[in-house]
file structure-v7.cif (mmCIF, C-alpha atoms)
data_input
#
loop_
_atom_site.label_atom_id
_atom_site.label_comp_id
_atom_site.auth_asym_id
_atom_site.auth_seq_id
_atom_site.Cartn_x
_atom_site.Cartn_y
_atom_site.Cartn_z
CA MET A 9 147.31 235.94 206.82
CA THR A 10 150.89 235.92 205.57
CA ASN A 11 152.38 236.27 202.12
CA THR A 12 152.10 233.38 199.70
CA ILE A 13 154.93 230.84 199.73
CA LYS A 14 154.94 230.62 195.92
CA ASN A 15 155.42 234.37 195.52
CA PRO A 16 157.08 236.18 198.46
CA LYS A 17 156.08 239.55 196.97
CA ARG A 18 152.36 238.87 197.53
CA LEU A 19 150.53 239.61 200.77
CA PHE A 20 148.17 236.64 200.98
CA ILE A 21 148.63 232.88 200.97
CA GLN A 22 147.10 230.86 198.15
CA VAL A 23 143.98 229.04 199.34
CA GLN A 24 144.49 225.27 199.32
CA ARG A 25 142.85 222.33 201.08
CA ASN A 26 145.64 222.07 203.67
CA ASN A 27 145.43 225.69 204.84
CA LEU A 28 141.66 226.13 205.15
CA PRO A 29 140.30 227.13 208.57
CA GLN A 30 139.19 224.30 210.83
CA VAL A 31 135.66 224.06 212.16
CA CYS A 32 136.83 225.25 215.60
CA ASP A 33 138.39 228.41 214.11
CA LYS A 34 136.89 231.63 212.82
CA TYR A 35 138.93 233.30 210.08
CA PRO A 36 138.66 237.12 209.88
CA PHE A 37 139.03 237.00 206.08
CA ILE A 38 140.25 234.97 203.10
CA TYR A 39 141.47 236.58 199.89
CA LEU A 40 140.64 235.01 196.50
CA GLU A 41 141.61 235.98 192.97
CA ARG A 42 141.44 234.55 189.43
CA GLY A 43 138.76 231.93 189.87
CA ARG A 44 135.06 231.27 190.38
CA LEU A 45 132.78 230.78 193.39
CA GLU A 46 129.94 228.31 192.82
CA ILE A 47 127.53 226.13 194.78
CA ASP A 48 127.65 222.34 194.96
CA ASP A 49 125.20 220.54 197.29
CA SER A 50 124.65 223.74 199.32
CA SER A 51 128.37 224.22 199.94
CA VAL A 52 130.49 226.97 198.43
CA LYS A 53 133.32 225.78 196.23
CA TRP A 54 136.24 227.77 194.82
CA ILE A 55 137.63 226.80 191.41
CA ASP A 56 140.91 228.59 190.68
CA TYR A 57 142.42 229.43 187.28
CA GLU A 58 144.29 226.12 187.22
CA GLY A 59 141.09 224.12 187.74
CA ASN A 60 141.81 223.21 191.37
CA LEU A 61 138.68 222.89 193.51
CA VAL A 62 138.53 223.85 197.19
CA ARG A 63 135.36 223.78 199.30
CA LEU A 64 135.14 226.85 201.53
CA PRO A 65 133.65 226.58 205.05
CA VAL A 66 131.99 229.99 204.76
CA ALA A 67 130.33 229.64 208.17
CA THR A 68 133.82 229.91 209.71
CA ILE A 69 134.87 232.95 207.65
CA ASN A 70 133.96 236.51 208.62
CA CYS A 71 134.70 237.99 205.21
CA LEU A 72 135.72 236.93 201.69
CA LEU A 73 137.90 239.41 199.80
CA LEU A 74 137.33 238.92 196.06
CA GLY A 75 140.25 240.14 193.97
CA PRO A 76 140.81 240.52 190.21
CA GLY A 77 139.54 237.82 187.87
CA THR A 78 136.93 236.57 190.34
CA SER A 79 133.36 235.67 189.44
CA VAL A 80 130.61 234.51 191.78
CA THR A 81 127.17 233.02 191.22
CA HIS A 82 123.96 234.42 192.68
CA GLU A 83 123.39 231.17 194.58
CA ALA A 84 126.85 231.38 196.17
CA ILE A 85 126.06 234.87 197.46
CA LYS A 86 122.79 233.58 198.95
CA VAL A 87 124.59 230.79 200.83
CA MET A 88 127.29 233.16 202.12
CA ALA A 89 124.63 235.64 203.27
CA ALA A 90 122.85 232.84 205.14
CA SER A 91 126.18 231.98 206.80
CA ASN A 92 126.85 235.62 207.82
CA CYS A 93 129.94 235.75 205.61
CA CYS A 94 130.60 239.30 204.41
CA VAL A 95 131.90 239.82 200.84
CA CYS A 96 134.24 242.61 199.71
CA TRP A 97 135.33 243.37 196.15
CA VAL A 98 138.93 244.57 196.15
CA GLY A 99 141.97 245.15 193.94
CA GLU A 100 145.00 242.87 193.85
CA ASP A 101 146.14 242.05 197.40
CA SER A 102 143.36 244.37 198.62
CA LEU A 103 145.47 247.42 197.75
CA LEU A 104 142.26 249.00 196.44
CA PHE A 105 138.76 248.70 197.90
CA TYR A 106 135.70 248.85 195.64
CA ALA A 107 132.55 247.64 197.39
CA VAL A 108 131.15 245.55 200.23
CA GLY A 109 128.16 243.25 200.56
CA GLN A 110 126.85 243.18 204.14
CA CYS A 111 124.73 240.36 205.50
CA PRO A 112 121.35 241.46 206.94
CA THR A 113 121.77 239.09 209.89
CA ALA A 114 125.46 239.86 210.57
CA ASN A 115 126.73 240.25 214.14
CA THR A 116 126.80 243.99 214.91
CA LYS A 117 128.49 243.79 218.32
CA ASN A 118 131.68 245.58 217.23
CA LEU A 119 129.75 248.14 215.19
CA ARG A 120 127.48 248.95 218.15
CA SER A 121 130.49 249.37 220.42
CA GLN A 122 132.18 251.65 217.89
CA MET A 123 129.05 253.81 217.55
CA GLU A 124 128.61 254.10 221.32
CA LEU A 125 132.25 255.13 221.79
CA ALA A 126 132.09 257.70 218.98
CA ALA A 127 128.83 259.19 220.29
CA ASN A 128 130.27 259.76 223.78
CA GLU A 129 132.44 262.90 223.66
CA LYS A 130 134.56 261.86 226.67
CA LYS A 131 135.23 258.35 225.36
CA ARG A 132 135.83 259.64 221.85
CA LEU A 133 138.52 261.99 223.13
CA GLU A 134 140.09 259.18 225.19
CA ILE A 135 140.37 257.03 222.04
CA ALA A 136 141.80 259.93 220.04
CA ARG A 137 144.41 260.47 222.75
CA ARG A 138 145.38 256.78 222.66
CA MET A 139 145.88 257.09 218.91
CA PHE A 140 148.10 260.15 219.33
CA LEU A 141 150.00 258.52 222.21
CA LYS A 142 151.36 255.97 219.73
CA ARG A 143 152.95 258.87 217.82
CA PHE A 144 153.83 261.06 220.81
CA PRO A 145 154.93 258.57 223.50
CA ASP A 146 156.97 261.19 225.36
CA ASP A 147 154.23 263.85 225.54
CA ASP A 148 151.38 264.24 228.01
CA VAL A 149 148.57 263.87 225.48
CA ASN A 150 145.97 263.63 228.26
CA ALA A 151 146.35 267.35 228.89
CA LYS A 152 145.71 268.25 225.24
CA THR A 153 142.48 268.98 223.40
CA LEU A 154 141.75 267.30 220.09
CA LYS A 155 142.48 270.54 218.25
CA GLU A 156 145.87 270.84 219.97
CA LEU A 157 146.69 267.21 219.17
CA MET A 158 145.83 267.67 215.51
CA GLY A 159 148.06 270.75 215.43
CA MET A 160 150.91 268.70 216.91
CA GLU A 161 150.34 266.01 214.30
CA GLY A 162 150.46 268.52 211.46
CA LYS A 163 153.82 269.84 212.67
CA ARG A 164 155.13 266.28 213.16
CA VAL A 165 154.21 265.21 209.62
CA ARG A 166 155.72 268.34 208.03
CA ALA A 167 158.92 267.72 210.00
CA LEU A 168 158.94 264.09 208.83
CA TYR A 169 158.69 265.16 205.19
CA ASP A 170 161.67 267.47 205.63
CA ALA A 171 163.68 264.87 207.56
CA TYR A 172 163.17 262.12 204.97
CA ALA A 173 163.91 264.54 202.13
CA GLN A 174 167.26 265.28 203.76
CA LYS A 175 167.89 261.61 204.54
CA TYR A 176 167.47 260.54 200.91
CA LYS A 177 168.76 263.83 199.47
CA VAL A 178 165.73 264.58 197.29
CA GLY A 179 163.98 267.88 196.64
CA TRP A 180 160.77 268.60 198.51
CA SER A 181 158.45 271.59 198.19
CA GLY A 182 155.53 270.28 200.25
CA ARG A 183 152.56 267.92 200.01
CA ASN A 184 150.57 268.66 196.90
CA TYR A 185 147.81 266.53 195.39
CA VAL A 186 144.78 267.60 193.36
CA PRO A 187 142.08 264.87 193.15
CA GLY A 188 141.69 263.62 189.59
CA LYS A 189 144.98 265.19 188.46
CA PHE A 190 147.48 262.61 189.67
CA GLU A 191 149.92 263.20 186.78
CA LEU A 192 150.36 266.87 187.68
CA SER A 193 152.05 266.07 191.01
CA ASP A 194 155.80 265.64 191.37
CA LEU A 195 157.29 262.15 191.75
CA THR A 196 157.38 262.08 195.56
CA ASN A 197 153.79 263.26 195.86
CA ARG A 198 152.63 260.68 193.33
CA ILE A 199 154.28 257.87 195.26
CA LEU A 200 152.81 259.19 198.52
CA THR A 201 149.34 259.29 197.00
CA SER A 202 149.63 255.74 195.64
CA ALA A 203 151.02 254.33 198.89
CA ASN A 204 148.35 256.06 200.96
CA ALA A 205 145.59 254.71 198.68
CA ALA A 206 146.97 251.17 198.98
CA LEU A 207 147.13 251.50 202.77
CA TYR A 208 143.52 252.74 202.82
CA GLY A 209 142.46 249.72 200.76
CA ILE A 210 144.03 247.23 203.17
CA LEU A 211 142.61 249.01 206.21
CA THR A 212 139.10 249.23 204.76
CA SER A 213 139.05 245.49 204.09
CA ALA A 214 140.37 244.71 207.57
CA ILE A 215 137.90 247.05 209.29
CA TYR A 216 134.92 245.56 207.46
CA SER A 217 136.14 241.99 208.11
CA MET A 218 136.23 242.71 211.87
CA GLY A 219 132.68 244.02 211.89
CA PHE A 220 133.55 247.71 212.35
CA SER A 221 132.63 250.62 210.10
CA PRO A 222 135.15 252.77 208.20
CA HIS A 223 132.61 255.63 208.36
CA ILE A 224 132.71 256.19 212.15
CA GLY A 225 135.92 257.93 213.18
CA PHE A 226 137.39 259.45 216.34
CA VAL A 227 139.90 262.02 215.06
CA HIS A 228 138.88 262.65 211.45
CA SER A 229 135.38 263.74 210.48
CA GLY A 230 133.58 265.06 207.43
CA SER A 231 135.41 262.64 205.15
CA PRO A 232 134.25 259.41 203.42
CA MET A 233 136.18 256.97 205.65
CA PRO A 234 137.28 258.73 208.87
CA PHE A 235 138.12 255.56 210.81
CA VAL A 236 140.33 254.36 207.95
CA TYR A 237 142.17 257.70 208.03
CA ASP A 238 142.44 257.51 211.84
CA MET A 239 144.13 254.11 211.68
CA ALA A 240 146.26 254.96 208.62
CA ASP A 241 148.00 257.73 210.55
CA LEU A 242 149.50 255.06 212.82
CA TYR A 243 151.39 253.49 209.91
CA LYS A 244 152.06 256.23 207.37
CA GLU A 245 155.55 257.21 208.56
CA GLU A 246 156.83 253.63 208.62
CA LEU A 247 155.10 252.51 205.45
CA CYS A 248 154.29 255.43 203.13
CA ILE A 249 156.50 258.44 203.88
CA ASP A 250 159.82 256.61 204.04
CA LEU A 251 158.82 254.61 200.94
CA ALA A 252 158.00 257.76 198.94
CA PHE A 253 161.32 259.47 199.53
CA PHE A 254 163.34 256.26 199.14
CA LEU A 255 161.71 255.50 195.78
CA THR A 256 162.11 259.08 194.62
CA MET A 257 165.84 258.53 194.94
CA GLU A 258 165.66 255.08 193.29
CA LEU A 259 163.38 255.91 190.34
CA CYS A 260 165.42 258.86 189.03
CA GLY A 261 162.44 261.00 188.06
CA GLN A 262 160.31 258.33 186.31
CA TYR A 263 157.17 257.09 188.08
CA ASN A 264 156.85 253.28 187.88
CA LYS A 265 153.61 251.95 189.37
CA TYR A 266 154.85 248.35 189.33
CA LYS A 267 157.95 249.22 191.32
CA VAL A 268 155.88 251.24 193.77
CA ALA A 269 153.42 248.35 194.26
CA GLU A 270 156.23 245.80 194.63
CA GLU A 271 158.09 247.85 197.23
CA PHE A 272 154.85 248.63 199.08
CA ARG A 273 153.97 244.93 199.35
CA LYS A 274 157.47 244.14 200.56
CA ARG A 275 157.21 246.66 203.38
CA VAL A 276 153.71 245.52 204.39
CA ILE A 277 155.10 242.01 204.83
CA GLU A 278 158.22 243.16 206.69
CA MET A 279 156.26 245.23 209.21
CA ASP A 280 153.57 242.50 209.57
CA LEU A 281 150.82 245.06 208.95
CA LEU A 282 148.13 242.40 208.47
CA GLY A 283 149.02 240.93 211.85
CA ARG A 284 149.06 244.29 213.61
CA ILE A 285 145.85 245.93 212.43
CA GLY A 286 143.42 243.84 214.48
CA THR A 287 145.38 244.25 217.71
CA ASP A 288 145.88 247.97 217.14
CA ILE A 289 142.16 248.58 216.53
CA LYS A 290 141.18 246.79 219.73
CA THR A 291 143.92 248.59 221.67
CA VAL A 292 142.95 252.11 220.62
CA LEU A 293 139.24 251.35 221.17
CA GLY A 294 140.03 249.93 224.61
CA MET A 295 138.32 246.64 223.78
#
call {"tool": "encode", "arguments": {"input": "structure-v7.cif", "output": "structure tokens"}}
result
Amino acid sequence: MTNTIKNPKRLFIQVQRNNLPQVCDKYPFIYLERGRLEIDDSSVKWIDYEGNLVRLPVATINCLLLGPGTSVTHEAIKVMAASNCCVCWVGEDSLLFYAVGQCPTANTKNLRSQMELAANEKKRLEIARRMFLKRFPDDDVNAKTLKELMGMEGKRVRALYDAYAQKYKVGWSGRNYVPGKFELSDLTNRILTSANAALYGILTSAIYSMGFSPHIGFVHSGSPMPFVYDMADLYKEELCIDLAFFLTMELCGQYNKYKVAEEFRKRVIEMDLLGRIGTDIKTVLGM
């Protein structure tokens, strides 16, 4: 999906009758906010905050992303479950991810493939190497162990922090974030933390909508969403790191969450992140 025509700063188009998926199509996801999902003659209808009514062909939608101001009836959930339409509860533009409702009869083909690949040590390492190859195109990653690749990545990221600090002429004393104590970090670290969280939210929604699991990773392990963190590393330099140091220069010492969110959305649109995620996942998994 692209950004809405009415507001170029938003990531998703506004759902209207003329842009609904056709019967021959299968949409990966549709994002809804500020409205209500109800049932009318066994079909799901969306009533937005302006009173406009749109009937949703939920059988052609893999996942509904429900944003702020959204309510849904019990009967609507039953019909969507019967249609194998997953439901996720997210923040505005899916920049935060809260919960997911999985259908008991959902297609598990992609999930089974992901589990089989992760359980096979040889295939898991091959996928990890493909992920690192995107960041180290000039290196022979096939000769490296996972531990060596992770060491290379750590050095690369630290070098990126220093390079962008010099580029934008801002002070930098290293990555520092204590969970639950966001306000104690310096400005650059706060922006980095916010941008990373927004990226994780988008990726989690996309991964669920494609039928994969965020909990089965190939590089990261022992964390809540290893596959989300695996994929996020492909985009952090372009989206989060450059943004953090650029905004540190622009904000003059005062953290502004609205400015951070606005600039983050702008960059997501410019780099076509929503169009790239699906292809990148299938590429790194060799599907």
call {"tool": "resolve_selection", "arguments": {"input": "structure-v7.cif", "expression": "the PyMOL selection byres ((chain A and resi 61) around 12)", "output": "list in words"}}
result
Val23, Gln24, Arg25, Gly43, Arg44, Leu45, Glu46, Ile47, Asp48, Val52, Lys53, Trp54, Ile55, Asp56, Tyr57, Glu58, Gly59, Asn60, Val62, Arg63 and Leu64 of chain A
call {"tool": "atom_distance", "arguments": {"input": "structure-v7.cif", "atom1": "atom CA of A:Gly286", "atom2": "atom CA of A:Tyr216"}}
result
11.2 Å
call {"tool": "atom_distance", "arguments": {"input": "structure-v7.cif", "atom1": "atom CA of A:Gly283", "atom2": "atom CA of A:Asn70"}}
result
16.0 Å
call {"tool": "closest_atom_pairs", "arguments": {"input": "structure-v7.cif", "of": "stretch 51-111 of chain A", "to": "stretch 187-210 of chain A", "cutoff": "7 Å", "atoms": "only C-alpha atoms", "output": "tab-separated table"}}
result
residue	atom	partner	partner_atom	distance
A:Ser102	CA	A:Ile210	CA	5.4
A:Leu103	CA	A:Ala206	CA	4.2
A:Leu104	CA	A:Gly209	CA	4.4
A:Phe105	CA	A:Gly209	CA	4.8
call {"tool": "resolve_selection", "arguments": {"input": "structure-v7.cif", "expression": "the PyMOL selection byres ((chain A and resi 139) around 12)", "output": "PyMOL selection string"}}
result
chain A and resi 132-138+140-145+149-150+154+157-158+161+225-228+235+237-243+288-294
call {"tool": "residues_around", "arguments": {"input": "structure-v7.cif", "residues": "A:Leu72", "least_positions_apart": "4", "cutoff": "10 Å", "atoms": "only C-alpha atoms", "output": "list in words"}}
result
Tyr35, Pro36, Phe37, Ile38, Tyr39, Leu40, Val66, Met88, Cys93, Cys94, Val95, Cys96, Trp97, Val98, Val108, Gly109, Ser213 and Ser217 of chain A
call {"tool": "atom_distance", "arguments": {"input": "structure-v7.cif", "atom1": "atom CA of A:Tyr106", "atom2": "atom CA of A:Ala127"}}
result
27.6 Å
call {"tool": "axis_aligned_box", "arguments": {"input": "structure-v7.cif", "around": "stretch 187-194 of chain A", "padding_each_side": "6 Å", "output": "JSON"}}
result
{"center_x": 148.7, "center_y": 264.7, "center_z": 190.0, "size_x": 26.1, "size_y": 16.3, "size_z": 18.4}
call {"tool": "closest_residue", "arguments": {"input": "structure-v7.cif", "among": "A:Gln262, A:Ser50, A:Gln122, A:Asn128", "to": "A:Pro222", "atoms": "all atoms listed in the file"}}
result
A:Gln122
call {"tool": "build_atoms", "arguments": {"input": "structure-v7.cif", "residues": "stretch 117-147 of chain A", "atoms": "N, CA and C atoms", "output": "mmCIF file, keeping the file's coordinate frame"}}
result
data_model
loop_
_atom_site.group_PDB
_atom_site.id
_atom_site.type_symbol
_atom_site.label_atom_id
_atom_site.label_comp_id
_atom_site.auth_asym_id
_atom_site.auth_seq_id
_atom_site.Cartn_x
_atom_site.Cartn_y
_atom_site.Cartn_z
ATOM 1 N N LYS A 117 127.941 243.462 216.998
ATOM 2 C CA LYS A 117 128.490 243.790 218.320
ATOM 3 C C LYS A 117 129.601 244.841 218.227
ATOM 4 N N ASN A 118 130.576 244.629 217.347
ATOM 5 C CA ASN A 118 131.680 245.580 217.230
ATOM 6 C C ASN A 118 131.207 246.927 216.689
ATOM 7 N N LEU A 119 130.277 246.901 215.742
ATOM 8 C CA LEU A 119 129.750 248.140 215.190
ATOM 9 C C LEU A 119 129.008 248.935 216.256
ATOM 10 N N ARG A 120 128.199 248.255 217.075
ATOM 11 C CA ARG A 120 127.480 248.950 218.150
ATOM 12 C C ARG A 120 128.451 249.573 219.142
ATOM 13 N N SER A 121 129.492 248.841 219.490
ATOM 14 C CA SER A 121 130.490 249.370 220.420
ATOM 15 C C SER A 121 131.178 250.596 219.841
ATOM 16 N N GLN A 122 131.526 250.524 218.555
ATOM 17 C CA GLN A 122 132.180 251.650 217.890
ATOM 18 C C GLN A 122 131.273 252.881 217.886
ATOM 19 N N MET A 123 129.998 252.694 217.588
ATOM 20 C CA MET A 123 129.050 253.810 217.550
ATOM 21 C C MET A 123 128.872 254.424 218.923
ATOM 22 N N GLU A 124 128.777 253.593 219.958
ATOM 23 C CA GLU A 124 128.610 254.100 221.320
ATOM 24 C C GLU A 124 129.829 254.903 221.766
ATOM 25 N N LEU A 125 131.020 254.422 221.420
ATOM 26 C CA LEU A 125 132.250 255.130 221.790
ATOM 27 C C LEU A 125 132.348 256.468 221.058
ATOM 28 N N ALA A 126 131.992 256.474 219.773
ATOM 29 C CA ALA A 126 132.090 257.700 218.980
ATOM 30 C C ALA A 126 131.055 258.733 219.399
ATOM 31 N N ALA A 127 129.901 258.271 219.899
ATOM 32 C CA ALA A 127 128.830 259.190 220.290
ATOM 33 C C ALA A 127 129.069 259.814 221.661
ATOM 34 N N ASN A 128 129.951 259.239 222.448
ATOM 35 C CA ASN A 128 130.270 259.760 223.780
ATOM 36 C C ASN A 128 131.507 260.648 223.676
ATOM 37 N N GLU A 129 131.349 261.952 223.879
ATOM 38 C CA GLU A 129 132.440 262.900 223.660
ATOM 39 C C GLU A 129 133.668 262.572 224.533
ATOM 40 N N LYS A 130 133.438 262.180 225.772
ATOM 41 C CA LYS A 130 134.560 261.860 226.670
ATOM 42 C C LYS A 130 135.322 260.632 226.180
ATOM 43 N N LYS A 131 134.579 259.584 225.822
ATOM 44 C CA LYS A 131 135.230 258.350 225.360
ATOM 45 C C LYS A 131 135.895 258.564 224.000
ATOM 46 N N ARG A 132 135.250 259.358 223.163
ATOM 47 C CA ARG A 132 135.830 259.640 221.850
ATOM 48 C C ARG A 132 137.182 260.336 222.001
ATOM 49 N N LEU A 133 137.265 261.293 222.915
ATOM 50 C CA LEU A 133 138.520 261.990 223.130
ATOM 51 C C LEU A 133 139.578 261.061 223.722
ATOM 52 N N GLU A 134 139.155 260.148 224.604
ATOM 53 C CA GLU A 134 140.090 259.180 225.190
ATOM 54 C C GLU A 134 140.704 258.307 224.085
ATOM 55 N N ILE A 135 139.880 257.870 223.136
ATOM 56 C CA ILE A 135 140.370 257.030 222.040
ATOM 57 C C ILE A 135 141.309 257.835 221.143
ATOM 58 N N ALA A 136 140.931 259.076 220.847
ATOM 59 C CA ALA A 136 141.800 259.930 220.040
ATOM 60 C C ALA A 136 143.154 260.106 220.712
ATOM 61 N N ARG A 137 143.153 260.303 222.014
ATOM 62 C CA ARG A 137 144.410 260.470 222.750
ATOM 63 C C ARG A 137 145.259 259.206 222.697
ATOM 64 N N ARG A 138 144.610 258.035 222.770
ATOM 65 C CA ARG A 138 145.380 256.780 222.660
ATOM 66 C C ARG A 138 146.023 256.667 221.287
ATOM 67 N N MET A 139 145.310 257.113 220.258
ATOM 68 C CA MET A 139 145.880 257.090 218.910
ATOM 69 C C MET A 139 147.102 258.015 218.811
ATOM 70 N N PHE A 140 146.992 259.206 219.387
ATOM 71 C CA PHE A 140 148.100 260.150 219.330
ATOM 72 C C PHE A 140 149.262 259.706 220.231
ATOM 73 N N LEU A 141 148.949 258.990 221.314
ATOM 74 C CA LEU A 141 150.000 258.520 222.210
ATOM 75 C C LEU A 141 150.970 257.592 221.493
ATOM 76 N N LYS A 142 150.481 256.844 220.492
ATOM 77 C CA LYS A 142 151.360 255.970 219.730
ATOM 78 C C LYS A 142 152.379 256.765 218.915
ATOM 79 N N ARG A 143 152.034 258.021 218.594
ATOM 80 C CA ARG A 143 152.950 258.870 217.820
ATOM 81 C C ARG A 143 153.708 259.865 218.686
ATOM 82 N N PHE A 144 153.182 260.128 219.886
ATOM 83 C CA PHE A 144 153.830 261.060 220.810
ATOM 84 C C PHE A 144 153.999 260.393 222.172
ATOM 85 N N PRO A 145 154.806 259.330 222.237
ATOM 86 C CA PRO A 145 154.930 258.570 223.500
ATOM 87 C C PRO A 145 155.558 259.363 224.638
ATOM 88 N N ASP A 146 156.286 260.424 224.325
ATOM 89 C CA ASP A 146 156.970 261.190 225.360
ATOM 90 C C ASP A 146 156.206 262.443 225.786
ATOM 91 N N ASP A 147 155.029 262.672 225.213
ATOM 92 C CA ASP A 147 154.230 263.850 225.540
ATOM 93 C C ASP A 147 153.031 263.476 226.396
#
